[in-house]
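Chemist: Sharing model_11.cif, mmCIF, C-alpha atoms:
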```cif
data_run
loop_
_atom_site.label_atom_id
_atom_site.label_comp_id
_atom_site.auth_asym_id
_atom_site.auth_seq_id
_atom_site.Cartn_x
_atom_site.Cartn_y
_atom_site.Cartn_z
CA MET A 1 249.38 -35.84 -149.00
CA THR A 2 249.86 -39.17 -150.76
CA HIS A 3 246.77 -40.52 -149.00
CA LEU A 4 244.68 -37.56 -150.19
CA LYS A 5 245.97 -38.04 -153.73
CA LYS A 6 244.88 -41.68 -153.68
CA ILE A 7 241.42 -40.70 -152.45
CA PHE A 8 240.80 -38.02 -155.05
CA LEU A 9 242.14 -40.09 -157.95
CA GLY A 10 240.08 -43.09 -156.90
CA GLU A 11 236.41 -43.81 -157.34
CA GLN A 12 235.61 -42.55 -153.84
CA GLY A 13 237.29 -39.24 -154.69
CA LEU A 14 234.79 -38.63 -157.48
CA VAL A 15 231.93 -39.26 -155.06
CA VAL A 16 233.43 -36.76 -152.61
CA ILE A 17 233.82 -34.13 -155.34
CA PHE A 18 230.24 -34.75 -156.47
CA ALA A 19 228.88 -34.50 -152.92
CA VAL A 20 230.72 -31.21 -152.29
CA ALA A 21 229.58 -29.75 -155.62
CA PHE A 22 225.98 -30.86 -154.95
CA ILE A 23 225.95 -29.18 -151.53
CA ILE A 24 227.42 -25.94 -152.89
CA VAL A 25 224.94 -25.82 -155.76
CA SER A 26 222.03 -26.63 -153.44
CA LEU A 27 222.93 -23.71 -151.17
CA THR A 28 223.65 -21.16 -153.89
CA VAL A 29 221.26 -21.85 -156.80
CA PRO A 30 217.57 -20.98 -156.22
CA ASN A 31 215.02 -23.79 -156.74
CA PHE A 32 217.73 -26.39 -157.40
CA LEU A 33 216.40 -28.81 -154.77
CA SER A 34 212.75 -28.47 -155.77
CA GLU A 35 211.03 -31.73 -156.74
CA ARG A 36 210.21 -30.38 -160.18
CA ASN A 37 213.82 -29.44 -160.86
CA MET A 38 215.21 -32.73 -159.54
CA LEU A 39 212.89 -34.74 -161.80
CA GLY A 40 213.71 -32.42 -164.69
CA LEU A 41 217.43 -32.89 -164.05
CA LEU A 42 217.11 -36.67 -164.07
CA GLN A 43 215.00 -36.60 -167.22
CA SER A 44 217.59 -34.41 -168.94
CA VAL A 45 220.30 -37.06 -168.43
CA VAL A 46 218.20 -40.09 -169.39
CA THR A 47 219.65 -40.33 -172.91
CA ILE A 48 223.25 -39.84 -171.75
CA GLY A 49 222.77 -42.19 -168.80
CA ILE A 50 221.25 -45.04 -170.81
CA ILE A 51 223.93 -44.93 -173.51
CA ALA A 52 226.75 -44.54 -170.97
CA CYS A 53 225.88 -48.04 -169.71
CA THR A 54 227.18 -49.64 -172.90
CA MET A 55 229.73 -46.97 -173.82
CA MET A 56 231.37 -48.04 -170.56
CA PHE A 57 231.88 -51.51 -172.05
CA CYS A 58 233.23 -50.08 -175.32
CA LEU A 59 235.78 -47.92 -173.52
CA ALA A 60 236.69 -50.69 -171.08
CA SER A 61 237.54 -52.96 -174.03
CA ARG A 62 239.78 -50.27 -175.62
CA ASP A 63 237.16 -49.15 -178.18
CA PHE A 64 234.69 -46.29 -178.40
CA ASP A 65 231.67 -45.42 -180.50
CA LEU A 66 231.20 -42.03 -182.14
CA SER A 67 228.03 -43.08 -183.96
CA VAL A 68 225.74 -43.20 -180.90
CA GLY A 69 224.14 -39.79 -181.54
CA SER A 70 223.30 -40.67 -185.13
CA THR A 71 221.98 -44.08 -184.08
CA VAL A 72 219.72 -42.48 -181.47
CA ALA A 73 218.27 -40.07 -184.05
CA PHE A 74 217.87 -42.76 -186.71
CA SER A 75 216.27 -45.25 -184.32
CA GLY A 76 213.82 -42.62 -183.10
CA MET A 77 212.91 -41.82 -186.71
CA VAL A 78 212.42 -45.50 -187.53
CA ALA A 79 210.23 -46.03 -184.46
CA VAL A 80 207.95 -43.12 -185.38
CA MET A 81 207.76 -43.94 -189.10
CA ALA A 82 207.17 -47.66 -188.53
CA SER A 83 204.51 -46.93 -185.90
CA ASN A 84 202.75 -44.51 -188.23
CA ALA A 85 202.89 -46.92 -191.17
CA SER A 86 201.76 -50.05 -189.28
CA GLY A 87 199.47 -48.47 -186.71
CA SER A 88 201.33 -50.48 -184.05
CA ILE A 89 203.63 -48.90 -181.47
CA LEU A 90 205.08 -52.34 -180.69
CA LEU A 91 206.15 -52.88 -184.31
CA GLY A 92 207.72 -49.43 -184.29
CA LEU A 93 209.71 -50.27 -181.17
CA LEU A 94 210.86 -53.60 -182.61
CA ALA A 95 211.89 -51.94 -185.88
CA ALA A 96 213.93 -49.35 -183.98
CA VAL A 97 215.68 -51.99 -181.85
CA LEU A 98 216.43 -54.05 -184.97
CA CYS A 99 217.95 -51.03 -186.74
CA GLY A 100 220.04 -50.18 -183.69
CA ALA A 101 221.28 -53.77 -183.46
CA VAL A 102 222.20 -53.79 -187.16
CA VAL A 103 224.19 -50.55 -186.89
CA GLY A 104 225.99 -51.79 -183.78
CA THR A 105 226.75 -55.19 -185.30
CA ILE A 106 228.14 -53.61 -188.46
CA ASN A 107 230.42 -51.44 -186.33
CA GLY A 108 231.58 -54.48 -184.38
CA VAL A 109 232.21 -56.66 -187.43
CA VAL A 110 234.17 -53.98 -189.28
CA ILE A 111 236.27 -53.20 -186.20
CA ALA A 112 236.80 -56.77 -184.93
CA ARG A 113 236.89 -58.83 -188.13
CA PHE A 114 238.33 -56.37 -190.64
CA ARG A 115 240.55 -54.70 -188.01
CA ILE A 116 239.61 -51.16 -188.97
CA ASN A 117 240.29 -48.52 -186.34
CA ALA A 118 237.25 -47.78 -184.14
CA LEU A 119 237.68 -44.03 -184.65
CA ILE A 120 237.47 -44.30 -188.44
CA THR A 121 234.73 -46.94 -188.43
CA THR A 122 232.35 -45.19 -186.06
CA LEU A 123 233.10 -41.78 -187.58
CA ALA A 124 232.02 -43.22 -190.94
CA THR A 125 228.87 -44.85 -189.57
CA MET A 126 228.06 -41.63 -187.71
CA GLN A 127 227.87 -39.84 -191.07
CA ILE A 128 226.14 -42.70 -192.91
CA VAL A 129 223.43 -43.29 -190.30
CA ARG A 130 222.74 -39.56 -189.91
CA GLY A 131 222.45 -39.39 -193.68
CA PHE A 132 219.92 -42.23 -193.70
CA ALA A 133 217.86 -40.39 -191.05
CA LEU A 134 217.84 -37.22 -193.18
CA ILE A 135 217.04 -39.12 -196.40
CA ALA A 136 214.19 -41.11 -194.82
CA SER A 137 212.54 -37.96 -193.48
CA ASP A 138 213.55 -35.63 -196.33
CA GLY A 139 215.32 -33.58 -193.68
CA ARG A 140 212.12 -32.79 -191.77
CA ALA A 141 210.68 -33.85 -188.44
CA VAL A 142 208.15 -36.69 -188.60
CA GLY A 143 205.07 -36.27 -186.42
CA ILE A 144 203.59 -39.05 -184.29
CA ASN A 145 200.13 -40.26 -185.29
CA ASP A 146 199.32 -42.42 -182.26
CA PRO A 147 199.02 -40.41 -179.00
CA GLY A 148 199.90 -43.61 -177.13
CA PHE A 149 203.50 -43.15 -178.33
CA TYR A 150 203.76 -40.04 -176.13
CA GLN A 151 203.03 -42.11 -173.04
CA LEU A 152 206.39 -43.88 -173.33
CA ALA A 153 207.96 -40.69 -171.98
CA LEU A 154 205.03 -38.99 -170.27
CA SER A 155 203.77 -41.88 -168.15
CA ARG A 156 204.75 -42.06 -164.48
CA PHE A 157 205.19 -44.75 -161.86
CA LEU A 158 205.06 -43.71 -158.19
CA GLY A 159 205.23 -40.11 -159.38
CA VAL A 160 208.51 -40.61 -161.26
CA PRO A 161 208.60 -40.44 -165.09
CA THR A 162 209.03 -43.84 -166.78
CA PRO A 163 212.28 -42.90 -168.64
CA ILE A 164 213.99 -42.32 -165.27
CA TRP A 165 212.94 -45.80 -164.14
CA VAL A 166 214.28 -47.21 -167.42
CA MET A 167 217.63 -45.47 -166.85
CA GLY A 168 217.80 -46.80 -163.29
CA LEU A 169 217.04 -50.33 -164.51
CA PHE A 170 219.82 -50.08 -167.09
CA PHE A 171 222.26 -48.91 -164.40
CA ILE A 172 221.39 -51.96 -162.27
CA VAL A 173 221.45 -54.50 -165.11
CA PHE A 174 224.69 -53.37 -166.73
CA GLY A 175 226.35 -52.85 -163.35
CA PHE A 176 225.53 -56.47 -162.56
CA VAL A 177 226.80 -57.60 -165.98
CA LEU A 178 230.08 -55.75 -165.48
CA ASN A 179 230.78 -56.98 -161.96
CA ARG A 180 229.09 -60.38 -161.71
CA THR A 181 229.24 -62.06 -165.12
CA VAL A 182 231.87 -63.66 -167.32
CA PHE A 183 230.96 -61.17 -170.05
CA GLY A 184 231.90 -58.24 -167.82
CA LYS A 185 235.12 -59.80 -166.58
CA ASN A 186 236.14 -60.71 -170.16
CA THR A 187 235.45 -57.12 -171.25
CA LEU A 188 237.84 -55.77 -168.63
CA ALA A 189 240.37 -58.48 -169.46
CA ILE A 190 240.30 -57.56 -173.16
CA GLY A 191 240.82 -53.92 -172.30
CA GLY A 192 243.71 -54.79 -169.98
CA ASN A 193 245.53 -57.06 -172.43
CA PRO A 194 243.78 -58.32 -175.61
CA GLU A 195 246.54 -60.77 -176.54
CA ALA A 196 246.67 -62.35 -173.09
CA SER A 197 242.87 -62.67 -173.17
CA ARG A 198 243.04 -64.43 -176.53
CA LEU A 199 245.68 -66.85 -175.26
CA ALA A 200 243.47 -67.50 -172.22
CA GLY A 201 240.69 -68.69 -174.52
CA VAL A 202 238.56 -65.56 -174.84
CA ASP A 203 237.11 -65.01 -178.33
CA VAL A 204 238.14 -61.36 -178.47
CA ALA A 205 236.58 -60.61 -181.87
CA ARG A 206 233.20 -62.07 -180.91
CA MET A 207 233.22 -60.18 -177.61
CA ARG A 208 233.85 -56.88 -179.37
CA ILE A 209 231.03 -57.55 -181.84
CA TRP A 210 228.63 -58.31 -178.97
CA ILE A 211 229.64 -55.13 -177.16
CA PHE A 212 228.93 -52.97 -180.20
CA ALA A 213 225.66 -54.82 -180.90
CA LEU A 214 224.56 -54.08 -177.32
CA GLN A 215 225.59 -50.47 -177.84
CA GLY A 216 223.33 -50.25 -180.89
CA ILE A 217 220.35 -51.82 -179.10
CA VAL A 218 220.70 -49.48 -176.13
CA CYS A 219 220.95 -46.49 -178.49
CA ALA A 220 217.67 -47.62 -180.07
CA VAL A 221 215.95 -47.68 -176.66
CA ALA A 222 217.28 -44.21 -175.92
CA GLY A 223 216.18 -43.03 -179.37
CA VAL A 224 212.60 -44.24 -178.85
CA LEU A 225 212.35 -42.51 -175.46
CA LEU A 226 213.82 -39.31 -176.88
CA ALA A 227 211.40 -39.31 -179.83
CA SER A 228 208.51 -39.79 -177.41
CA ARG A 229 209.73 -36.95 -175.19
CA ILE A 230 210.20 -34.44 -178.04
CA THR A 231 206.92 -35.70 -179.64
CA SER A 232 208.42 -36.39 -183.08
CA GLY A 233 211.16 -38.17 -184.98
CA GLN A 234 213.94 -35.61 -185.46
CA PRO A 235 216.72 -36.45 -187.97
CA ASN A 236 219.00 -33.86 -186.34
CA ALA A 237 218.38 -35.02 -182.77
CA ALA A 238 221.22 -35.99 -180.41
CA THR A 239 223.91 -34.11 -182.33
CA GLY A 240 227.13 -34.18 -180.29
CA LEU A 241 225.70 -36.73 -177.87
CA GLU A 242 228.71 -39.03 -178.25
CA LEU A 243 231.06 -36.48 -176.66
CA SER A 244 228.78 -35.98 -173.66
CA VAL A 245 228.51 -39.75 -173.13
CA ILE A 246 232.26 -40.31 -173.40
CA SER A 247 232.88 -37.36 -171.06
CA ALA A 248 230.50 -38.81 -168.47
CA CYS A 249 232.14 -42.24 -168.67
CA VAL A 250 235.73 -41.00 -168.46
CA LEU A 251 234.83 -38.52 -165.72
CA GLY A 252 233.35 -41.52 -163.89
CA GLY A 253 236.63 -43.42 -163.94
CA VAL A 254 236.34 -45.50 -167.12
CA SER A 255 239.83 -45.65 -168.62
CA LEU A 256 240.41 -44.59 -172.24
CA ALA A 257 243.25 -47.13 -172.24
CA GLY A 258 240.80 -49.92 -171.36
CA GLY A 259 240.62 -52.41 -168.53
CA ARG A 260 239.03 -50.18 -165.88
CA ALA A 261 235.36 -49.33 -165.32
CA ALA A 262 232.83 -48.99 -162.51
CA MET A 263 229.10 -48.39 -162.83
CA THR A 264 228.95 -46.25 -159.67
CA GLY A 265 231.55 -43.92 -161.17
CA VAL A 266 229.63 -43.71 -164.46
CA ILE A 267 226.43 -42.79 -162.60
CA VAL A 268 228.26 -39.98 -160.78
CA GLY A 269 229.81 -38.83 -164.07
CA VAL A 270 226.38 -38.70 -165.71
CA LEU A 271 224.94 -36.72 -162.79
CA ILE A 272 227.84 -34.25 -162.88
CA MET A 273 227.14 -33.61 -166.57
CA GLY A 274 223.45 -33.14 -165.81
CA ILE A 275 223.98 -30.83 -162.86
CA ALA A 276 226.38 -28.61 -164.81
CA GLU A 277 223.81 -28.10 -167.58
CA ASN A 278 220.91 -27.77 -165.13
CA VAL A 279 222.65 -25.07 -163.10
CA MET A 280 223.45 -23.09 -166.23
CA ASN A 281 219.79 -23.25 -167.27
CA LEU A 282 218.59 -22.17 -163.82
CA LEU A 283 221.01 -19.23 -163.88
CA ASN A 284 219.84 -18.30 -167.42
CA ILE A 285 223.33 -18.66 -168.86
CA GLN A 286 223.28 -18.50 -172.66
CA ALA A 287 223.50 -21.80 -174.55
CA PHE A 288 226.69 -20.64 -176.25
CA TYR A 289 228.57 -20.82 -172.95
CA GLN A 290 227.30 -24.33 -172.35
CA TYR A 291 229.47 -25.56 -175.23
CA VAL A 292 232.50 -24.10 -173.46
CA VAL A 293 231.56 -25.83 -170.21
CA ARG A 294 231.04 -29.19 -171.95
CA GLY A 295 234.46 -28.86 -173.57
CA LEU A 296 236.07 -28.03 -170.23
CA ILE A 297 234.39 -31.04 -168.61
CA LEU A 298 235.74 -33.28 -171.40
CA LEU A 299 239.26 -31.89 -170.87
CA LEU A 300 238.93 -32.40 -167.12
CA ALA A 301 237.77 -35.98 -167.67
CA VAL A 302 240.75 -36.80 -169.89
CA LEU A 303 243.13 -35.11 -167.42
CA LEU A 304 241.73 -37.20 -164.55
CA ASP A 305 242.01 -40.35 -166.66
CA ASN A 306 245.66 -39.55 -167.36
CA LEU A 307 246.38 -38.91 -163.67
CA ARG A 308 244.67 -42.19 -162.69
CA SER A 309 246.76 -44.07 -165.28
CA VAL A 310 250.00 -42.53 -164.00
CA ALA A 311 249.02 -43.32 -160.40
CA GLY A 312 248.18 -46.91 -161.40
CA ARG A 313 251.57 -47.40 -163.08
CA GLN A 314 253.36 -45.99 -160.02
CA ARG A 315 251.53 -48.43 -157.73
CA ALA A 316 252.44 -51.29 -160.07
#
```
Would you give me this structure, written as structure tokens?

Modeler:
Amino acid sequence: MTHLKKIFLGEQGLVVIFAVAFIIVSLTVPNFLSERNMLGLLQSVVTIGIIACTMMFCLASRDFDLSVGSTVAFSGMVAVMASNASGSILLGLLAAVLCGAVVGTINGVVIARFRINALITTLATMQIVRGFALIASDGRAVGINDPGFYQLALSRFLGVPTPIWVMGLFFIVFGFVLNRTVFGKNTLAIGGNPEASRLAGVDVARMRIWIFALQGIVCAVAGVLLASRITSGQPNAATGLELSVISACVLGGVSLAGGRAAMTGVIVGVLIMGIAENVMNLLNIQAFYQYVVRGLILLLAVLLDNLRSVAGRQRA
């Protein structure tokens, strides 16, 4: 019994649960395994998956970011508006990345240098940035002038949409950063014990600023891809995205208490979120019920995180 408990509370337990759920869904839901549905499923989690890569670092360092949804919407708006104004898609992309980096850096500086709680700081920037998106567009969607902008999301490589390749690349890059670089090891060390990390020579404040700056840049990339996929800059896009991203990360084994994270777990968490929504769509379940399911998944994720923490303390 103890052995089974260790398996299901560990990273391999999540993989087992995912595999079982995938098999059950494949056998019971019509058209689930079709190529079209599989590609659609992966495309539906691109935004969550990309942002989860850096939210993992925020959570692992004992922080979190509630402004990611607003940053995605704002960055997408900036990309479209700058592209329309300049006639250059590249300038639009650069403007979006710059805006995302600025928002992330501001979050990091306020949290790390001024020692304001991450909840309050990112809750404030969530409102401010969403407000900027609404003001810049006068509350309306902004159409894309250059058809080439659509190709960012519509283009394919080896039959697979480009955004899915981008998400896969981010999984590989940030998984490598977490496991194989000093930056990743310092992130986990800060989450485990910030004071001990500081005494060991880690510049904790600078690390936290860099993590939030990366979060902003990644949100900008996700925002550009989302704007391309929905064919416009939408000031109300990605509402509630932050909860889905945090749910995916925590479900994937990233600890809310910091110090523990694994990219493989995050990938599985993202896929579980995607499959749950995909199955509800295939079964024509009303969107209202999907809110209930997302809330239940978030509760389950927090419960699993608590059980993992208790199990970790018992082993220690």

Chemist: Mind telling me what the PyMOL selection byres ((chain A and resi 73) around 6) catches here, as a ChimeraX atom specification?

Modeler: /A:70-72,74-76,223,235,237

Chemist: Could you please determine the separation between CA of Val20 (chain A) and CA of Met55 (chain A) in Å, to one decimal place?

Modeler: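 Atom-to-atom, CA of Val20 (chain A) to CA of Met55 (chain A), that is 26.7 Å.
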
Chemist: Please enumerate the residues selected by the PyMOL selection byres ((chain A and resi 146-163) around 12) when evaluated against the supplied file, formatted as a ChimeraX atom specification.

Modeler: /A:35-36,38-50,76,79-93,143-145,164-170,221-233

Chemist: From the options A:Ser26, A:Ser255, A:Ala261, A:Ser247, which residue's atoms come nearest to Met273 (chain A), counting all atoms listed in the file?

Modeler: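 Of all the options, A:Ser247 lies closest to Met273 (chain A).
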
Chemist: Of the residues A:Val16, A:Val218, A:Leu59, A:Ile51, which is the one nearest to Gly259 (chain A), using all atoms listed in the file?

Modeler: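 Distance minimum relative to Gly259 (chain A) lands on A:Leu59.
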
Chemist: When you draw a straight line from CA of Asp203 (chain A) to CA of Asn107 (chain A), how long is it in Å?

Modeler: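 Rounded to one decimal, the two atoms are 17.1 Å apart.
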
Chemist: Would you please work out which residue, of A:Gln286, A:Asn31, A:Thr122, A:Thr54, is nearest to Ala213 (chain A) when using all atoms listed in the file?

Modeler: A:Thr54

Chemist: Leaving out region 181-191 of chain A and any residue of its chain fewer than 6 positions from it, which residues lie within 8 Å of it when counting only C-alpha atoms, given as a PyMOL selection string?

Modeler: chain A and resi 57+59-62+197+202+204+207+257-261

Chemist: One decimal, in Å: what's the spacing between CA of Ala118 (chain A) and CA of Asp65 (chain A)?

Modeler: 7.1 Å

Chemist: Set the distance at 6 Å and use all atoms listed in the file: which residues neighbour region 238-244 of chain A once local chain neighbours fewer than 3 positions away are removed? I'd like the list as a ChimeraX atom specification.

Modeler: /A:66,68-69,247

Chemist: Please, which residues in region 32-148 of chain A fall within 8 Å of region 262-269 of chain A when counting all atoms listed in the file, and what is the closest atom pair and distance in Å to one decimal for each, ordered by chain then residue number, as CSV?

Modeler:
```
residue,atom,partner,partner_atom,distance
A:Gly49,CA,A:Ile267,CA,7.2
A:Ala52,CA,A:Val266,CA,7.2
A:Cys53,CA,A:Met263,CA,7.6
A:Met56,CA,A:Val266,CA,7.7
```

Chemist: Let me know the residues the PyMOL selection byres ((chain A and resi 131-138) around 8) catches in the file above, as a list in words.

Modeler: Ala73, Phe74, Met77, Gln127, Ile128, Val129, Arg130, Gly139, Arg140, Ala141, Val142, Pro235 and Asn236 of chain A
